[in-house]
$ cat run03.txt   # compact mmCIF, C-alpha atoms
# COMPACT_ATOMS: atom_id res chain seq x y z
CA MET A 4 -3.32 -21.82 35.93
CA ARG A 5 -0.96 -22.73 33.13
CA LYS A 6 2.48 -22.85 34.77
CA THR A 7 4.40 -23.51 31.56
CA LEU A 8 3.09 -20.55 29.57
CA VAL A 9 5.71 -19.17 27.17
CA VAL A 10 8.60 -21.17 28.77
CA ALA A 11 11.81 -20.58 26.79
CA PHE A 12 10.62 -17.61 24.79
CA PHE A 13 9.80 -15.79 28.01
CA ALA A 14 13.48 -15.43 28.84
CA MET A 15 14.41 -14.32 25.35
CA LEU A 16 11.92 -11.47 25.29
CA PHE A 17 13.61 -9.80 28.23
CA VAL A 18 17.12 -10.09 26.85
CA ALA A 19 16.74 -9.48 23.10
CA ILE A 20 16.66 -5.93 21.76
CA CYS A 21 15.67 -5.63 18.11
CA ALA A 22 14.19 -7.48 15.14
CA PHE A 23 15.78 -10.59 13.67
CA LYS A 24 16.82 -10.64 10.00
CA VAL A 25 20.15 -12.37 9.39
CA LEU A 26 20.36 -15.44 11.59
CA GLU A 27 22.52 -18.55 11.61
CA VAL A 28 20.86 -21.81 10.61
CA ARG A 29 21.64 -23.28 14.01
CA THR A 30 19.80 -20.61 15.95
CA ILE A 31 16.79 -20.72 13.61
CA ARG A 32 16.53 -24.45 14.14
CA SER A 33 16.75 -23.93 17.90
CA LEU A 34 13.73 -21.64 17.77
CA GLU A 35 11.78 -23.98 15.54
CA LYS A 36 12.53 -26.85 17.89
CA VAL A 37 10.64 -25.08 20.68
CA GLY A 38 7.82 -24.05 18.39
CA ILE A 39 8.70 -20.43 17.59
CA PRO A 40 9.04 -19.44 13.90
CA ALA A 41 11.78 -16.84 13.40
CA GLU A 42 9.32 -14.32 11.95
CA ILE A 43 7.03 -14.57 14.99
CA ALA A 44 10.04 -14.20 17.28
CA ARG A 45 11.13 -11.11 15.39
CA GLN A 46 7.75 -9.43 15.70
CA SER A 47 7.34 -10.29 19.37
CA VAL A 48 10.80 -9.12 20.41
CA TRP A 49 10.46 -5.87 18.48
CA THR A 50 7.03 -5.18 19.98
CA SER A 51 8.43 -5.82 23.45
CA ILE A 52 11.45 -3.55 23.18
CA SER A 53 9.83 -0.72 21.24
CA GLY A 54 6.61 -0.72 23.25
CA GLY A 55 8.19 -1.17 26.66
CA TYR A 56 6.21 -4.27 27.58
CA LEU A 57 6.38 -8.03 27.19
CA SER A 58 4.92 -9.47 24.00
CA TYR A 59 4.95 -13.17 23.25
CA PRO A 60 3.58 -15.53 20.59
CA ASP A 61 0.91 -18.07 21.39
CA ALA A 62 3.14 -21.07 20.79
CA VAL A 63 1.23 -24.15 21.88
CA LYS A 64 4.30 -26.37 21.62
CA LEU A 65 6.02 -24.38 24.34
CA LYS A 66 3.39 -25.40 26.85
CA LYS A 67 3.97 -29.07 26.06
CA ILE A 68 7.72 -29.13 26.67
CA ALA A 69 8.60 -31.68 29.33
CA ALA A 70 9.69 -30.18 32.63
CA GLY A 71 13.18 -31.66 32.36
CA ASP A 72 13.73 -30.11 28.92
CA ARG A 73 12.81 -26.54 29.84
CA VAL A 74 16.26 -25.52 31.05
CA THR A 75 17.78 -26.67 27.76
CA ALA A 76 15.09 -24.81 25.82
CA VAL A 77 15.79 -21.59 27.72
CA ARG A 78 19.51 -21.88 27.08
CA GLU A 79 18.99 -22.43 23.36
CA VAL A 80 16.70 -19.45 23.02
CA VAL A 81 19.00 -17.15 25.00
CA ALA A 82 21.92 -18.34 22.86
CA PHE A 83 19.83 -17.40 19.84
CA ALA A 84 19.39 -13.86 21.17
CA LYS A 85 23.06 -13.53 22.06
CA ASP A 86 24.10 -14.62 18.58
CA TYR A 87 21.86 -12.02 17.02
CA VAL A 88 23.01 -9.02 19.05
CA ARG A 89 26.55 -9.64 17.82
CA THR A 90 25.57 -9.23 14.16
CA GLU A 91 25.94 -6.16 11.99
CA ASP A 92 22.24 -6.40 11.22
CA PHE A 93 21.41 -5.92 14.88
CA LYS A 94 23.72 -2.91 15.14
CA LYS A 95 22.07 -1.29 12.11
CA GLN A 96 18.62 -1.90 13.58
CA TYR A 97 19.68 -0.40 16.89
CA LEU A 98 21.24 2.69 15.30
CA LYS A 99 18.07 3.31 13.31
CA TYR A 100 16.02 2.83 16.50
CA ARG A 101 18.34 5.32 18.21
CA GLU A 102 18.23 7.88 15.39
CA ASP A 103 14.42 7.77 15.28
CA ARG A 104 14.39 9.02 18.88
CA LYS A 105 16.82 11.90 18.34
CA PRO A 106 15.27 15.25 19.32
CA GLU A 107 14.49 17.52 16.38
CA PRO A 108 16.13 20.97 16.44
CA PRO A 109 13.79 24.00 16.60
CA ASP A 110 12.84 25.79 13.40
CA PRO A 111 14.53 29.18 12.93
CA PRO A 112 12.20 32.10 13.73
CA LYS A 113 10.49 34.08 11.00
CA SER A 114 11.34 37.74 10.70
CA ALA A 115 8.73 40.43 11.23
CA ALA A 116 8.83 41.09 7.48
CA GLN A 117 8.09 37.42 6.74
CA MET A 118 5.24 37.32 9.23
CA ARG A 119 3.79 40.53 7.76
CA ALA A 120 3.90 39.10 4.21
CA GLU A 121 2.27 35.82 5.26
CA PHE A 122 -0.38 37.63 7.30
CA LYS A 123 -1.30 39.83 4.34
CA GLN A 124 -1.37 36.87 1.95
CA ASP A 125 -3.73 34.87 4.19
CA LEU A 126 -5.93 37.89 4.82
CA GLN A 127 -6.21 38.74 1.12
CA LYS A 128 -7.10 35.15 0.32
CA ASN A 129 -9.82 35.20 2.96
CA ILE A 130 -11.23 38.50 1.64
CA THR A 131 -11.39 37.09 -1.88
CA GLU A 132 -13.32 34.03 -0.66
CA LEU A 133 -15.75 36.19 1.33
CA GLU A 134 -16.42 38.41 -1.71
CA LYS A 135 -17.28 35.31 -3.73
CA THR A 136 -19.62 34.11 -1.01
CA LEU A 137 -21.27 37.55 -0.81
CA LYS A 138 -22.69 37.21 -4.34
CA SER A 139 -24.59 34.04 -3.46
CA LEU A 140 -26.09 35.29 -0.18
CA PRO A 141 -29.70 36.42 0.27
CA ALA A 142 -30.12 40.21 0.34
CA GLU A 143 -30.86 40.29 4.06
CA GLN A 144 -27.49 38.65 4.89
CA ARG A 145 -25.27 40.72 2.62
CA GLU A 146 -24.90 43.74 4.89
CA SER A 147 -23.30 41.76 7.73
CA MET A 148 -20.99 40.06 5.22
CA ARG A 149 -19.96 43.45 3.76
CA SER A 150 -19.09 44.62 7.28
CA ALA A 151 -16.89 41.56 7.84
CA ILE A 152 -15.12 42.18 4.52
CA GLU A 153 -14.52 45.87 5.31
CA MET A 154 -13.14 44.93 8.71
CA GLN A 155 -10.60 42.60 7.13
CA LYS A 156 -9.66 45.16 4.50
CA GLN A 157 -8.93 47.58 7.33
CA GLN A 158 -6.69 44.97 8.96
CA LEU A 159 -4.89 44.63 5.63
CA LYS A 160 -4.16 48.36 5.61
CA GLU A 161 -2.98 48.30 9.22
CA ALA A 162 -0.54 45.52 8.42
CA ASP A 163 1.46 48.01 6.31
CA ASP A 164 1.61 50.53 9.13
CA PRO A 165 5.31 50.76 10.18
CA ASN A 166 4.17 51.33 13.76
CA ASN A 167 2.11 48.14 13.91
CA PRO A 168 3.49 46.33 17.03
CA MET A 169 2.74 42.91 15.51
CA PHE A 170 5.49 43.39 12.90
CA SER A 171 7.95 45.71 14.63
CA ASN A 172 11.70 45.29 15.14
CA GLN A 173 10.90 44.58 18.78
CA MET A 174 8.95 41.51 17.64
CA ASP A 175 12.13 40.30 15.94
CA ASP A 176 13.93 40.61 19.27
CA TYR A 177 11.21 38.60 21.04
CA SER A 178 11.38 35.89 18.37
CA LYS A 179 15.16 35.63 18.70
CA GLN A 180 14.94 35.32 22.48
CA ALA A 181 12.34 32.57 22.16
CA PHE A 182 14.48 30.76 19.57
CA ASP A 183 17.57 30.96 21.79
CA ALA A 184 15.55 29.41 24.64
CA GLU A 185 14.33 26.63 22.34
CA LYS A 186 17.90 25.93 21.22
CA GLN A 187 19.01 25.63 24.84
CA THR A 188 16.18 23.20 25.58
CA HIS A 189 17.11 21.22 22.48
CA GLN A 190 20.72 20.92 23.64
CA GLU A 191 19.53 19.59 27.00
CA LYS A 192 17.25 17.04 25.33
CA LEU A 193 20.08 16.06 23.00
CA ALA A 194 22.36 15.38 25.96
CA GLU A 195 19.64 13.25 27.58
CA TRP A 196 19.16 11.36 24.30
CA GLU A 197 22.88 10.64 23.97
CA GLN A 198 22.94 9.30 27.51
CA GLN A 199 19.82 7.18 27.09
CA TYR A 200 20.68 5.93 23.60
CA PRO A 201 24.48 5.66 23.25
CA THR A 202 25.98 4.42 19.99
CA ASP A 203 26.87 1.16 21.70
CA PRO A 204 23.76 -0.99 22.27
CA LYS A 205 25.29 -2.81 25.24
CA PRO A 206 23.78 -0.46 27.88
CA MET A 207 20.32 -1.18 26.50
CA ILE A 208 20.96 -4.92 26.62
CA LYS A 209 22.14 -4.57 30.21
CA LYS A 210 19.03 -2.59 31.09
CA TRP A 211 16.70 -5.31 29.84
CA LEU A 212 18.68 -8.06 31.55
CA THR A 213 18.62 -6.10 34.80
CA THR A 214 14.90 -5.45 34.43
CA PHE A 215 14.23 -9.16 34.06
CA LEU A 216 16.35 -10.00 37.10
CA GLU A 217 14.62 -7.33 39.16
CA VAL A 218 11.05 -8.28 38.24
CA SER A 219 11.66 -12.01 38.70
CA LYS A 220 13.50 -11.93 42.02
CA ASP A 221 10.49 -12.21 44.35
CA VAL A 222 7.95 -14.33 42.48
CA ASP A 223 5.82 -16.51 44.77
CA TYR A 224 5.47 -19.67 42.73
CA ALA A 225 3.33 -21.27 45.46
CA ALA A 226 0.70 -18.51 45.28
CA LYS A 227 -2.89 -19.80 45.29
CA LEU A 228 -5.48 -18.95 42.65
CA VAL A 229 -9.29 -18.93 42.76
CA ARG A 230 -11.97 -18.33 40.17
CA ASN A 231 -13.81 -15.02 40.63
CA LYS A 232 -17.45 -14.21 39.87
CA GLU A 233 -16.62 -13.45 36.24
CA GLY A 234 -15.06 -16.90 35.86
CA LYS A 235 -11.48 -15.60 35.66
CA MET A 236 -8.62 -16.90 37.78
CA GLU A 237 -7.15 -14.46 40.29
CA PHE A 238 -4.71 -14.58 43.19
CA VAL A 239 -6.00 -15.30 46.67
CA ASN A 240 -3.52 -12.71 47.93
CA PRO A 241 -4.93 -9.39 46.66
CA ASP A 242 -1.48 -7.81 46.69
CA TYR A 243 -0.43 -10.13 43.89
CA GLU A 244 -3.21 -8.81 41.68
CA THR A 245 -1.43 -5.44 41.66
CA LYS A 246 1.84 -6.94 40.47
CA SER A 247 3.07 -6.12 36.95
CA ASN A 248 2.14 -8.27 33.98
CA ASN A 249 5.75 -9.37 33.72
CA TRP A 250 5.73 -10.59 37.34
CA LYS A 251 2.59 -12.58 36.59
CA MET A 252 4.24 -13.93 33.45
CA CYS A 253 7.08 -15.25 35.61
CA PHE A 254 4.55 -16.91 37.89
CA ARG A 255 2.87 -18.63 34.95
CA ALA A 256 6.18 -19.70 33.39
CA GLY A 257 7.10 -21.53 36.58
CA ARG A 258 10.15 -21.69 38.84
CA GLU A 259 12.27 -23.98 36.65
CA THR A 260 11.87 -21.86 33.56
CA VAL A 261 12.44 -18.54 35.32
CA MET A 262 15.44 -19.80 37.29
CA ALA A 263 17.03 -20.93 34.02
CA GLY A 264 16.29 -17.53 32.54
CA ARG A 265 17.77 -15.74 35.55
CA ALA A 266 20.94 -17.83 35.39
CA ALA A 267 21.31 -17.06 31.68
CA ALA A 268 20.68 -13.36 32.29
CA GLN A 269 23.23 -13.16 35.08
CA GLN A 270 25.82 -14.94 32.94
CA TRP A 271 25.14 -12.59 30.04
CA LEU A 272 25.52 -9.55 32.29
CA THR A 273 28.86 -10.88 33.49
CA GLU A 274 30.01 -11.31 29.89
CA LEU A 275 28.92 -7.78 28.99
CA LYS A 276 30.95 -6.33 31.87

$ encode --input "run03.txt" --output "structure tokens"
Amino acid sequence: MRKTLVVAFFAMLFVAICAFKVLEVRTIRSLEKVGIPAEIARQSVWTSISGGYLSYPDAVKLKKIAAGDRVTAVREVVAFAKDYVRTEDFKKQYLKYREDRKPEPPDPPKSAAQMRAEFKQDLQKNITELEKTLKSLPAEQRESMRSAIEMQKQQLKEADDPNNPMFSNQMDDYSKQAFDAEKQTHQEKLAEWEQQYPTDPKPMIKKWLTTFLEVSKDVDYAAKLVRNKEGKMEFVNPDYETKSNNWKMCFRAGRETVMAGRAAAQQWLTELK
């Protein structure tokens, strides 16, 4: 099992929030030093945060970092993420991300008069199409088509009946009641949205830091692996096979890497408070 998989970038994926655009030269060089081009980092971080799972690049250089250098690598990458979330570019990206998730208000209801007009328009269009089709039908099929056309013409007449319940004033009342209920639901969803996506991105950063600390707190780095019948490596302890992909990522990254990531995450949380 590759115990150095991902290494420094692993920590960054849990603590960064949005895509990278405007970055300082120092932080870009830090990424390149551990084998992660800025563009790849941007795509991976965005996929992680927007998709709700951990995405990482296949950076071969990361797996070759000497054990003693991994803590430094983690610190550099986390510093890169921290620098970015302080930029105006990050704030703009977050606000767009937030706005894209804002609940849409309900459409105002159509009046009975509007529904009547649209119903008649659609019905007349359908009748016209059926009459065109009638001319091209074999003689034995025309009678059934004529019956269908007459039926729809009757519906067209009934639409103008002032007593037709489909287009009555009572229908307007029902539509208003339904619209009022939809508006109430929208207000509730809007309140939930404002709580989940505040204008300040700090709560989201805290959430991802906390998630990383929670998922990495009980990793068994001494867990044994065996090759199954399909040739894939799996845990000897079957309970570990049910662990999340992020827990398994911590296992593969190794104790030194994850402990450095946890220390950086805890320090960042303290700074955010």

$ closest_residue --input "run03.txt" --among "A:Tyr97, A:Trp271, A:Tyr224, A:Phe182" --to "Pro109 (chain A)" --atoms "all atoms listed in the file"
A:Phe182

$ residues_around --input "run03.txt" --residues "Ala226 (chain A)" --least-positions-apart "2" --cutoff "12 Å" --atoms "only C-alpha atoms" --output "list in words"
Met4, Lys6, Asp221, Val222, Asp223, Tyr224, Leu228, Val229, Glu237, Phe238, Val239, Asn240, Pro241, Asp242, Tyr243, Glu244, Lys251, Phe254, Arg255, Gly257 and Arg258 of chain A

$ closest_atom_pairs --input "run03.txt" --of "region 131-207 of chain A" --to "region 79-88 of chain A" --cutoff "12 Å" --atoms "all atoms listed in the file" --output "tab-separated table"
residue	atom	partner	partner_atom	distance
A:Asp203	CA	A:Val88	CA	11.2
A:Pro204	CA	A:Val88	CA	8.7
A:Lys205	CA	A:Val88	CA	9.1
A:Met207	CA	A:Val88	CA	11.1

$ write_last_selection --input "run03.txt" --atoms "C-alpha atoms" --output "PDB file, in the coordinates of the input"
ATOM      1  CA  ASP A 203      26.870   1.160  21.700  1.00  0.00           C
ATOM      2  CA  PRO A 204      23.760  -0.990  22.270  1.00  0.00           C
ATOM      3  CA  LYS A 205      25.290  -2.810  25.240  1.00  0.00           C
ATOM      4  CA  MET A 207      20.320  -1.180  26.500  1.00  0.00           C
TER       5      MET A 207
END

$ closest_residue --input "run03.txt" --among "A:Thr214, A:Glu121, A:Gly264, A:Gln269" --to "Arg78 (chain A)" --atoms "all atoms listed in the file"
A:Gly264

$ atom_distance --input "run03.txt" --atom1 "CA of Asp176 (chain A)" --atom2 "CA of Pro112 (chain A)"
10.3 Å

$ closest_residue --input "run03.txt" --among "A:Glu132, A:Trp196, A:Asp164, A:Asp72" --to "Tyr100 (chain A)" --atoms "all atoms listed in the file"
A:Trp196

$ decode --input "run03.txt" --residues "region 67-102 of chain A" --atoms "N, CA and C atoms" --output "short mmCIF file (atom, residue, chain, number, x, y, z; two decimals), in the first residue's frame"
data_model
loop_
_atom_site.label_atom_id
_atom_site.label_comp_id
_atom_site.auth_asym_id
_atom_site.auth_seq_id
_atom_site.Cartn_x
_atom_site.Cartn_y
_atom_site.Cartn_z
N LYS A 67 7.37 10.76 -3.83
CA LYS A 67 8.81 10.58 -3.70
C LYS A 67 9.44 11.52 -2.68
N ILE A 68 8.62 12.34 -2.04
CA ILE A 68 9.16 13.27 -1.05
C ILE A 68 9.71 12.48 0.13
N ALA A 69 10.90 12.83 0.57
CA ALA A 69 11.52 12.15 1.70
C ALA A 69 10.67 12.35 2.94
N ALA A 70 10.66 11.31 3.79
CA ALA A 70 9.81 11.35 4.99
C ALA A 70 10.07 12.59 5.82
N GLY A 71 11.32 13.00 5.97
CA GLY A 71 11.63 14.15 6.80
C GLY A 71 11.18 15.47 6.22
N ASP A 72 10.87 15.50 4.92
CA ASP A 72 10.47 16.75 4.27
C ASP A 72 8.96 16.91 4.18
N ARG A 73 8.21 15.90 4.60
CA ARG A 73 6.77 15.95 4.40
C ARG A 73 6.09 17.02 5.26
N VAL A 74 6.56 17.20 6.47
CA VAL A 74 5.96 18.21 7.34
C VAL A 74 6.13 19.59 6.72
N THR A 75 7.30 19.87 6.20
CA THR A 75 7.56 21.16 5.55
C THR A 75 6.65 21.32 4.34
N ALA A 76 6.51 20.26 3.56
CA ALA A 76 5.66 20.32 2.38
C ALA A 76 4.21 20.64 2.74
N VAL A 77 3.72 19.98 3.80
CA VAL A 77 2.35 20.24 4.25
C VAL A 77 2.18 21.69 4.65
N ARG A 78 3.13 22.20 5.41
CA ARG A 78 3.04 23.59 5.87
C ARG A 78 3.03 24.56 4.70
N GLU A 79 3.85 24.29 3.69
CA GLU A 79 3.90 25.19 2.54
C GLU A 79 2.58 25.18 1.77
N VAL A 80 2.02 24.01 1.63
CA VAL A 80 0.77 23.92 0.87
C VAL A 80 -0.39 24.55 1.63
N VAL A 81 -0.44 24.35 2.94
CA VAL A 81 -1.50 24.97 3.74
C VAL A 81 -1.32 26.49 3.73
N ALA A 82 -0.08 26.95 3.78
CA ALA A 82 0.17 28.40 3.71
C ALA A 82 -0.33 28.94 2.37
N PHE A 83 -0.17 28.16 1.33
CA PHE A 83 -0.67 28.54 0.01
C PHE A 83 -2.19 28.73 0.05
N ALA A 84 -2.90 27.80 0.66
CA ALA A 84 -4.35 27.89 0.75
C ALA A 84 -4.77 29.08 1.60
N LYS A 85 -4.08 29.30 2.69
CA LYS A 85 -4.42 30.42 3.58
C LYS A 85 -4.21 31.76 2.88
N ASP A 86 -3.14 31.86 2.10
CA ASP A 86 -2.90 33.09 1.36
C ASP A 86 -4.04 33.36 0.38
N TYR A 87 -4.50 32.30 -0.26
CA TYR A 87 -5.54 32.50 -1.27
C TYR A 87 -6.87 32.93 -0.67
N VAL A 88 -7.28 32.34 0.43
CA VAL A 88 -8.60 32.67 0.97
C VAL A 88 -8.67 34.09 1.51
N ARG A 89 -7.54 34.77 1.58
CA ARG A 89 -7.54 36.17 2.01
C ARG A 89 -7.68 37.14 0.84
N THR A 90 -7.65 36.62 -0.38
CA THR A 90 -7.68 37.49 -1.56
C THR A 90 -9.10 37.88 -1.95
N GLU A 91 -9.19 39.00 -2.68
CA GLU A 91 -10.48 39.44 -3.20
C GLU A 91 -11.01 38.44 -4.23
N ASP A 92 -10.11 37.82 -4.95
CA ASP A 92 -10.52 36.83 -5.95
C ASP A 92 -11.26 35.68 -5.29
N PHE A 93 -10.76 35.22 -4.16
CA PHE A 93 -11.42 34.14 -3.44
C PHE A 93 -12.82 34.57 -2.99
N LYS A 94 -12.92 35.79 -2.46
CA LYS A 94 -14.21 36.27 -1.98
C LYS A 94 -15.23 36.34 -3.12
N LYS A 95 -14.78 36.79 -4.30
CA LYS A 95 -15.68 36.86 -5.45
C LYS A 95 -16.13 35.46 -5.86
N GLN A 96 -15.19 34.51 -5.86
CA GLN A 96 -15.53 33.14 -6.21
C GLN A 96 -16.54 32.57 -5.22
N TYR A 97 -16.32 32.84 -3.95
CA TYR A 97 -17.24 32.32 -2.93
C TYR A 97 -18.63 32.92 -3.08
N LEU A 98 -18.70 34.24 -3.30
CA LEU A 98 -20.01 34.90 -3.42
C LEU A 98 -20.78 34.40 -4.63
N LYS A 99 -20.06 34.11 -5.71
CA LYS A 99 -20.72 33.53 -6.88
C LYS A 99 -21.22 32.12 -6.55
N TYR A 100 -20.38 31.34 -5.88
CA TYR A 100 -20.74 29.99 -5.44
C TYR A 100 -21.99 30.06 -4.56
N ARG A 101 -22.03 31.05 -3.68
CA ARG A 101 -23.16 31.24 -2.77
C ARG A 101 -24.42 31.63 -3.55
N GLU A 102 -24.29 32.58 -4.45
CA GLU A 102 -25.44 33.08 -5.20
C GLU A 102 -26.04 31.99 -6.08
#
